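Dropping my_file.csv in here (CSV, C-alpha atoms):
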```
chain,number,residue,atom,x,y,z
A,1,MET,CA,9.4,21.6,6.1
A,2,ASN,CA,7.7,23.3,9.0
A,3,GLY,CA,4.2,22.5,7.6
A,4,GLU,CA,1.3,24.7,6.7
A,5,LYS,CA,-0.6,26.0,9.7
A,6,ILE,CA,-4.2,27.2,10.0
A,7,PHE,CA,-5.1,28.4,13.5
A,8,MET,CA,-8.5,27.4,15.1
A,9,GLY,CA,-8.3,28.7,18.6
A,10,GLU,CA,-5.9,26.3,20.5
A,11,ILE,CA,-6.4,23.6,17.9
A,12,ARG,CA,-4.1,24.1,14.9
A,13,PHE,CA,-4.2,22.4,11.5
A,14,ILE,CA,-0.8,21.3,10.1
A,15,LYS,CA,0.3,19.2,7.1
A,16,ASN,CA,3.4,17.9,5.3
A,17,TYR,CA,5.6,18.2,8.4
A,18,LYS,CA,7.7,15.0,8.2
A,19,ASP,CA,11.0,16.9,8.7
A,20,ASN,CA,9.8,18.8,11.7
A,21,ASP,CA,11.2,16.5,14.4
A,22,PHE,CA,8.8,17.6,17.2
A,23,GLN,CA,5.6,17.3,15.2
A,24,ARG,CA,6.7,14.0,13.5
A,25,LEU,CA,7.5,12.4,16.9
A,26,SER,CA,4.1,13.5,18.2
A,27,PHE,CA,2.5,11.9,15.1
A,28,ASN,CA,4.5,8.7,15.9
A,29,GLU,CA,3.3,8.7,19.4
A,30,LEU,CA,-0.3,8.8,18.3
A,31,ALA,CA,0.4,6.0,15.7
A,32,LYS,CA,1.9,3.8,18.3
A,33,GLU,CA,-1.1,4.3,20.6
A,34,THR,CA,-3.6,3.7,17.8
A,35,PHE,CA,-1.9,1.0,15.6
A,36,GLY,CA,1.1,-0.1,17.6
A,37,VAL,CA,3.4,1.0,14.8
A,38,ASP,CA,6.3,3.4,15.2
A,39,PHE,CA,7.0,5.3,12.0
A,40,GLU,CA,10.4,6.6,13.1
A,41,PRO,CA,12.5,3.8,11.7
A,42,TRP,CA,10.7,4.3,8.4
A,43,TYR,CA,11.7,8.0,8.5
A,44,GLU,CA,15.2,7.4,9.7
A,45,LYS,CA,15.9,5.0,6.7
A,46,LYS,CA,14.6,7.7,4.4
A,47,PHE,CA,11.7,5.5,3.3
A,48,TRP,CA,9.2,8.2,4.2
A,49,ASP,CA,9.1,10.2,0.9
A,50,ASP,CA,7.2,13.2,-0.3
A,51,LYS,CA,4.3,11.1,-1.5
A,52,TYR,CA,3.1,10.4,2.0
A,53,ILE,CA,1.6,13.5,3.5
A,54,PRO,CA,0.1,13.7,7.0
A,55,TYR,CA,-2.8,16.1,7.6
A,56,SER,CA,-3.2,16.7,11.3
A,57,PHE,CA,-4.8,18.7,14.0
A,58,VAL,CA,-2.6,19.6,17.0
A,59,ASP,CA,-3.6,20.7,20.5
A,60,GLY,CA,-0.7,22.8,21.6
A,61,ASP,CA,2.2,20.7,20.5
A,62,LYS,CA,0.4,17.3,20.5
A,63,VAL,CA,-1.0,15.7,17.4
A,64,ILE,CA,-4.5,14.7,18.3
A,65,SER,CA,-6.0,13.6,14.9
A,66,ASN,CA,-4.6,12.6,11.5
A,67,VAL,CA,-5.5,11.6,8.0
A,68,SER,CA,-2.6,10.9,5.6
A,69,VAL,CA,-2.5,11.2,1.9
A,70,ASN,CA,-0.6,8.7,-0.3
A,71,GLU,CA,0.0,10.0,-3.8
A,72,MET,CA,0.3,7.3,-6.5
A,73,SER,CA,-0.4,6.3,-10.1
A,74,ILE,CA,-2.9,3.6,-11.1
A,75,ILE,CA,-3.6,1.9,-14.4
A,76,ILE,CA,-7.1,0.7,-15.2
A,77,GLU,CA,-7.6,-1.2,-18.4
A,78,GLY,CA,-4.7,0.7,-20.1
A,79,GLN,CA,-5.5,4.2,-18.8
A,80,GLU,CA,-3.0,5.7,-16.3
A,81,LEU,CA,-4.5,8.0,-13.7
A,82,SER,CA,-3.2,10.1,-10.8
A,83,VAL,CA,-4.9,9.1,-7.6
A,84,ILE,CA,-4.5,9.4,-3.8
A,85,GLN,CA,-5.2,6.9,-1.1
A,86,ILE,CA,-6.2,7.9,2.4
A,87,GLY,CA,-4.6,6.1,5.3
A,88,THR,CA,-3.4,6.4,8.9
A,89,VAL,CA,-6.8,7.7,10.0
A,90,MET,CA,-6.5,8.2,13.7
A,91,THR,CA,-7.8,10.4,16.5
A,92,HIS,CA,-6.6,10.4,20.1
A,93,LYS,CA,-9.2,8.8,22.4
A,94,ASP,CA,-9.7,12.1,24.3
A,95,TYR,CA,-10.7,14.0,21.1
A,96,ARG,CA,-13.0,11.5,19.3
A,97,ASN,CA,-16.5,12.3,18.2
A,98,LYS,CA,-15.7,16.0,17.8
A,99,GLY,CA,-15.5,16.0,13.9
A,100,PHE,CA,-11.7,16.3,13.6
A,101,ALA,CA,-11.3,13.5,11.2
A,102,ARG,CA,-14.1,14.7,9.0
A,103,ARG,CA,-12.6,18.2,8.8
A,104,LEU,CA,-9.2,16.7,7.8
A,105,MET,CA,-11.0,14.7,5.1
A,106,LYS,CA,-12.4,18.0,3.9
A,107,HIS,CA,-8.9,19.6,3.8
A,108,VAL,CA,-7.8,16.7,1.6
A,109,ASP,CA,-10.8,17.0,-0.7
A,110,ASP,CA,-10.1,20.7,-1.2
A,111,ASP,CA,-6.4,20.2,-1.9
A,112,TYR,CA,-6.9,17.4,-4.5
A,113,LYS,CA,-10.2,18.2,-6.1
A,114,ASN,CA,-8.4,19.4,-9.3
A,115,LYS,CA,-5.3,17.1,-8.9
A,116,ALA,CA,-6.5,13.6,-8.3
A,117,ASP,CA,-8.6,11.6,-10.7
A,118,PHE,CA,-10.2,9.9,-7.7
A,119,ILE,CA,-9.6,9.1,-4.1
A,120,PHE,CA,-9.8,5.7,-2.4
A,121,LEU,CA,-9.2,4.1,1.0
A,122,PHE,CA,-9.6,0.8,2.9
A,123,GLY,CA,-11.9,1.2,5.8
A,124,ASN,CA,-12.4,-1.0,8.8
A,125,ASP,CA,-15.9,-2.2,9.1
A,126,HIS,CA,-16.6,-0.2,12.3
A,127,ALA,CA,-15.9,3.0,10.3
A,128,ASN,CA,-17.8,2.2,7.2
A,129,GLU,CA,-20.7,4.6,8.0
A,130,PHE,CA,-18.2,7.4,8.7
A,131,TYR,CA,-16.7,7.0,5.2
A,132,LYS,CA,-20.1,6.9,3.6
A,133,LYS,CA,-20.9,10.2,5.3
A,134,CYS,CA,-17.7,11.6,3.8
A,135,GLY,CA,-18.9,10.8,0.3
A,136,TYR,CA,-17.2,7.5,-0.3
A,137,SER,CA,-18.9,4.4,-1.8
A,138,PRO,CA,-17.8,0.7,-1.4
A,139,LEU,CA,-16.4,-1.0,-4.5
A,140,GLU,CA,-16.2,-4.8,-4.8
A,141,GLU,CA,-12.9,-6.5,-5.5
A,142,ASN,CA,-12.0,-9.9,-6.8
A,143,SER,CA,-9.8,-12.8,-5.6
A,144,PHE,CA,-7.4,-14.6,-7.9
A,145,VAL,CA,-6.3,-18.2,-7.3
A,146,THR,CA,-4.8,-20.9,-9.3
A,147,TYR,CA,-4.1,-24.5,-8.3
A,148,TYR,CA,-0.6,-25.3,-9.3
A,149,THR,CA,1.0,-28.7,-9.9
A,150,TYR,CA,4.8,-28.8,-9.8
A,151,ASN,CA,6.4,-30.4,-12.8
A,152,ASN,CA,9.7,-32.2,-11.9
A,153,ASP,CA,11.0,-31.5,-15.4
A,154,LYS,CA,10.9,-27.8,-14.8
A,155,LYS,CA,14.1,-26.2,-13.6
A,156,ASN,CA,14.1,-23.9,-10.6
A,157,SER,CA,16.6,-21.0,-10.7
A,158,GLU,CA,18.5,-19.9,-7.7
A,159,LEU,CA,16.7,-17.5,-5.4
A,160,ARG,CA,18.5,-15.2,-3.0
A,161,LYS,CA,16.9,-13.8,0.1
A,162,LEU,CA,17.4,-10.0,0.4
A,163,SER,CA,18.2,-8.3,3.7
A,164,MET,CA,17.0,-4.8,4.5
A,165,SER,CA,20.1,-4.3,6.6
A,166,ASP,CA,22.5,-5.2,3.7
A,167,LYS,CA,23.7,-2.1,1.7
A,168,MET,CA,23.9,-3.9,-1.6
A,169,ASP,CA,20.6,-5.6,-1.2
A,170,MET,CA,19.0,-2.3,-0.3
A,171,ASN,CA,20.4,-0.8,-3.5
A,172,ILE,CA,18.5,-3.5,-5.4
A,173,ILE,CA,15.3,-2.9,-3.4
A,174,ARG,CA,15.4,0.8,-3.8
A,175,ARG,CA,16.1,0.6,-7.5
A,176,LEU,CA,13.4,-1.8,-8.4
A,177,SER,CA,10.8,-0.3,-6.1
A,178,LYS,CA,11.3,3.0,-7.9
A,179,THR,CA,11.5,1.8,-11.5
A,180,ARG,CA,9.0,-1.1,-11.4
A,181,THR,CA,6.5,-1.6,-14.1
A,182,TYR,CA,2.9,-2.6,-13.7
A,183,ILE,CA,2.3,-6.3,-13.2
A,184,SER,CA,-0.9,-6.0,-15.3
A,185,ASN,CA,-2.1,-3.3,-17.6
A,186,ASP,CA,-5.6,-4.3,-16.7
A,187,PHE,CA,-5.2,-3.0,-13.2
A,188,GLY,CA,-2.1,-2.0,-11.2
A,189,ILE,CA,-0.4,0.6,-9.1
A,190,ARG,CA,3.0,2.4,-9.3
A,191,ASN,CA,4.8,5.2,-7.5
A,192,THR,CA,4.3,3.6,-4.1
A,193,GLN,CA,8.0,3.2,-3.2
A,194,GLY,CA,7.6,4.6,0.3
A,195,LEU,CA,4.6,2.5,1.1
A,196,LEU,CA,6.2,-0.6,-0.3
A,197,LEU,CA,9.3,-0.1,1.7
A,198,PHE,CA,7.1,0.3,4.8
A,199,TYR,CA,5.8,-3.2,4.2
A,200,MET,CA,9.2,-4.6,3.6
A,201,LEU,CA,10.5,-3.0,6.8
A,202,TYR,CA,7.7,-3.9,9.1
A,203,VAL,CA,5.8,-6.9,7.7
A,204,PHE,CA,7.5,-8.9,4.9
A,205,THR,CA,11.2,-8.6,6.0
A,206,ASP,CA,11.8,-12.3,5.7
A,207,ASP,CA,9.9,-12.8,2.5
A,208,ILE,CA,11.9,-10.7,0.0
A,209,TYR,CA,13.7,-12.7,-2.7
A,210,TYR,CA,15.8,-11.7,-5.7
A,211,LEU,CA,15.8,-13.5,-9.1
A,212,GLU,CA,19.2,-12.3,-10.4
A,213,GLU,CA,18.8,-13.7,-13.9
A,214,ASP,CA,15.6,-11.7,-14.4
A,215,ASP,CA,16.6,-8.7,-12.2
A,216,MET,CA,13.3,-9.2,-10.3
A,217,ILE,CA,12.2,-9.1,-6.7
A,218,VAL,CA,9.4,-11.4,-5.6
A,219,ILE,CA,7.7,-11.0,-2.2
A,220,TYR,CA,6.1,-14.3,-1.2
A,221,SER,CA,5.6,-16.9,1.4
A,222,ILE,CA,4.6,-20.6,1.5
A,223,GLU,CA,2.6,-22.2,4.3
A,224,ASP,CA,0.5,-25.3,4.4
A,225,ASN,CA,1.0,-26.0,0.6
A,226,VAL,CA,-0.3,-22.5,-0.2
A,227,LEU,CA,1.9,-20.0,-2.1
A,228,GLN,CA,1.0,-16.4,-1.4
A,229,ILE,CA,2.6,-14.0,-3.9
A,230,TYR,CA,2.3,-10.4,-2.5
A,231,ASP,CA,4.2,-8.4,-5.1
A,232,ILE,CA,6.7,-8.6,-8.0
A,233,LEU,CA,9.1,-5.8,-8.7
A,234,SER,CA,10.6,-5.6,-12.2
A,235,ASN,CA,11.2,-2.9,-14.8
A,236,LYS,CA,10.4,-5.4,-17.6
A,237,ASN,CA,7.2,-7.2,-18.6
A,238,ILE,CA,6.4,-9.9,-16.0
A,239,ASP,CA,5.6,-13.5,-17.0
A,240,LEU,CA,3.8,-14.9,-14.1
A,241,GLU,CA,4.0,-18.5,-15.4
A,242,LYS,CA,7.7,-18.2,-15.4
A,243,VAL,CA,7.8,-16.7,-11.9
A,244,LEU,CA,5.9,-19.7,-10.6
A,245,LEU,CA,8.5,-22.0,-12.1
A,246,HIS,CA,11.1,-20.1,-10.1
A,247,ILE,CA,9.4,-20.0,-6.7
A,248,ALA,CA,6.9,-22.9,-6.4
A,249,THR,CA,8.2,-25.8,-4.4
A,250,LYS,CA,7.0,-29.4,-4.9
A,251,ASN,CA,4.5,-29.2,-2.1
A,252,VAL,CA,2.7,-26.2,-3.5
A,253,THR,CA,-0.9,-27.0,-4.6
A,254,LYS,CA,-2.5,-23.5,-4.5
A,255,VAL,CA,-1.3,-20.0,-5.4
A,256,ILE,CA,-3.0,-16.8,-4.2
A,257,PHE,CA,-2.2,-13.6,-6.0
A,258,ASN,CA,-2.5,-10.6,-3.7
A,259,PHE,CA,-2.8,-8.2,-6.7
A,260,THR,CA,-4.4,-8.3,-10.1
A,261,PRO,CA,-2.5,-10.9,-12.2
A,262,ASP,CA,-2.5,-11.5,-16.0
A,263,LEU,CA,-6.2,-12.4,-16.5
A,264,THR,CA,-5.3,-14.7,-19.3
A,265,MET,CA,-3.4,-17.1,-17.1
A,266,LYS,CA,-4.2,-20.7,-17.5
A,267,ASP,CA,-6.6,-22.2,-14.8
A,268,LEU,CA,-7.0,-18.8,-13.1
A,269,GLN,CA,-10.0,-18.8,-10.8
A,270,ILE,CA,-11.7,-15.5,-10.1
A,271,ASN,CA,-14.2,-14.9,-7.3
A,272,LYS,CA,-15.5,-12.1,-5.1
A,273,LEU,CA,-12.9,-11.1,-2.6
A,274,GLU,CA,-14.1,-11.9,0.9
A,275,GLU,CA,-12.4,-9.7,3.5
A,276,ASN,CA,-13.0,-10.0,7.2
A,277,ASP,CA,-12.6,-6.4,8.3
A,278,THR,CA,-11.8,-4.1,5.5
A,279,THR,CA,-13.7,-2.6,2.6
A,280,LEU,CA,-12.5,-0.7,-0.5
A,281,PHE,CA,-14.1,2.8,-0.7
A,282,VAL,CA,-13.8,5.2,-3.6
A,283,LYS,CA,-14.7,8.9,-4.1
A,284,ASN,CA,-15.1,10.8,-7.4
A,285,PHE,CA,-14.8,7.5,-9.2
A,286,ASN,CA,-16.0,7.8,-12.7
A,287,ASN,CA,-14.1,4.9,-14.3
A,288,ASN,CA,-15.9,1.9,-15.7
A,289,ILE,CA,-14.1,-1.2,-14.7
A,290,THR,CA,-15.2,-4.0,-16.9
A,291,LYS,CA,-12.7,-6.6,-15.8
A,292,PRO,CA,-12.0,-8.3,-12.4
A,293,PHE,CA,-9.4,-6.5,-10.3
A,294,ARG,CA,-7.8,-6.4,-6.9
A,295,PHE,CA,-5.8,-3.5,-5.4
A,296,PRO,CA,-2.4,-4.8,-4.5
A,297,GLU,CA,-2.1,-5.9,-0.9
A,298,LEU,CA,1.2,-4.1,-0.5
A,299,ALA,CA,-0.4,-0.8,-1.7
A,300,HIS,CA,-2.9,-0.6,1.2
A,301,ALA,CA,-2.2,2.4,3.3
```
Full structure transcribed into structure tokens:
Amino acid sequence: MNGEKIFMGEIRFIKNYKDNDFQRLSFNELAKETFGVDFEPWYEKKFWDDKYIPYSFVDGDKVISNVSVNEMSIIIEGQELSVIQIGTVMTHKDYRNKGFARRLMKHVDDDYKNKADFIFLFGNDHANEFYKKCGYSPLEENSFVTYYTYNNDKKNSELRKLSMSDKMDMNIIRRLSKTRTYISNDFGIRNTQGLLLFYMLYVFTDDIYYLEEDDMIVIYSIEDNVLQIYDILSNKNIDLEKVLLHIATKNVTKVIFNFTPDLTMKDLQINKLEENDTTLFVKNFNNNITKPFRFPELAHA
């Protein structure tokens, strides 16, 4: 796609231009300057799908400001909704404080006012006032922890680490990331394949494991007796107690779920989520959430 263009003097608005090499590479340069992340390997591996849509201003041929849309599905207490998440909010240092990001947010609002049930984002604390001025409100999340005691009578099944560079492993990863079910019908997210593959490629490359007997991928790590479960990919109903039997080693004493687990789990402790530098913001949010929830960590844009 060449992208939609709206001319504003020398500054132009463009969107949905991932297959325009020149514009995409300029976007990548700004992302590297802002976040230290190069999106090009993600694109080259065809992980950048049509659900990730950059909205940008360019000065000449240079991307100077961006707000990206991530289209996805969310289930809240049994009701499935179409939503978008805002991410990759960045403006070149020479163009800041000129209103470009706010105008891009307005473009997104106009495009999705009749398409998305609501919009959300995770904002850094230094930008909280900006998001409030754009009509977003903070929403409190919960943390989910259980203290797990390994039982020697329980039998661990074989785990196989998957490699992003192995063709057969990638077939498994692509299939399950596309066909996955919700971990919990109380709160969960789907249709985030591109975003999930981004995390697998850049962050959790060494933490991807396959349970062949259950045809399930579990992304997790263990450090200092703490088991962090980041995501579980399966096209069947997920039994978290069974998953723990597969992956918890004898030294594990604490399990942290970085998503909303089954709220009926035994000994599940639920508290307010304490984040150091990010806050969940929502817009046009008219849903009553009566149960504790946490947006999946690997669905953060």
From A:Ser143, A:Asn286, A:Asn258, A:Ser68, residue lying nearest Ile232 in chain A [all atoms listed in the file]: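 Checking each candidate against Ile232 in chain A, we get A:Asn258 as the closest.
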Given only C-alpha atoms as the counted atoms, nearest of A:Gln85, A:Asn225, A:Thr278, A:Asn124 to Tyr112 in chain A: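 Distance minimum relative to Tyr112 in chain A lands on A:Gln85.
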Pick from A:Arg96, A:Lys283, A:Lys254, A:His300, whichever lies nearest to Cys134 in chain A using only C-alpha atoms: A:Lys283
Counting all atoms listed in the file, give me one row per residue of range 198-290 of chain A with an atom at most 12 Å from an atom of range 43-52 of chain A, showing the shortest contact pair and its distance in Å to one decimal, sorted by chain then residue number, as a Markdown table.
```
| residue | atom | partner | partner_atom | distance |
| --- | --- | --- | --- | --- |
| A:Phe198 | CA | A:Phe47 | CA | 7.1 |
| A:Tyr199 | CA | A:Phe47 | CA | 10.6 |
| A:Met200 | CA | A:Phe47 | CA | 10.4 |
| A:Leu201 | CA | A:Phe47 | CA | 9.3 |
| A:Tyr202 | CA | A:Phe47 | CA | 11.7 |
```
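With distances taken over all atoms listed in the file, A:Leu81 is the one residue among A:Leu81, A:Met164, A:Val252, A:Leu233 lying closest to Phe285 in chain A.
Considering the residues A:Ala31, A:Leu159, A:Ile76, A:Val69 and counting only C-alpha atoms, Met90 in chain A has its shortest atom-to-atom contact with A:Ala31.
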Residue nearest Ser56 in chain A - candidates A:Phe35, A:Phe295, A:Tyr95, A:Phe100, atoms counted: all atoms listed in the file: A:Phe100
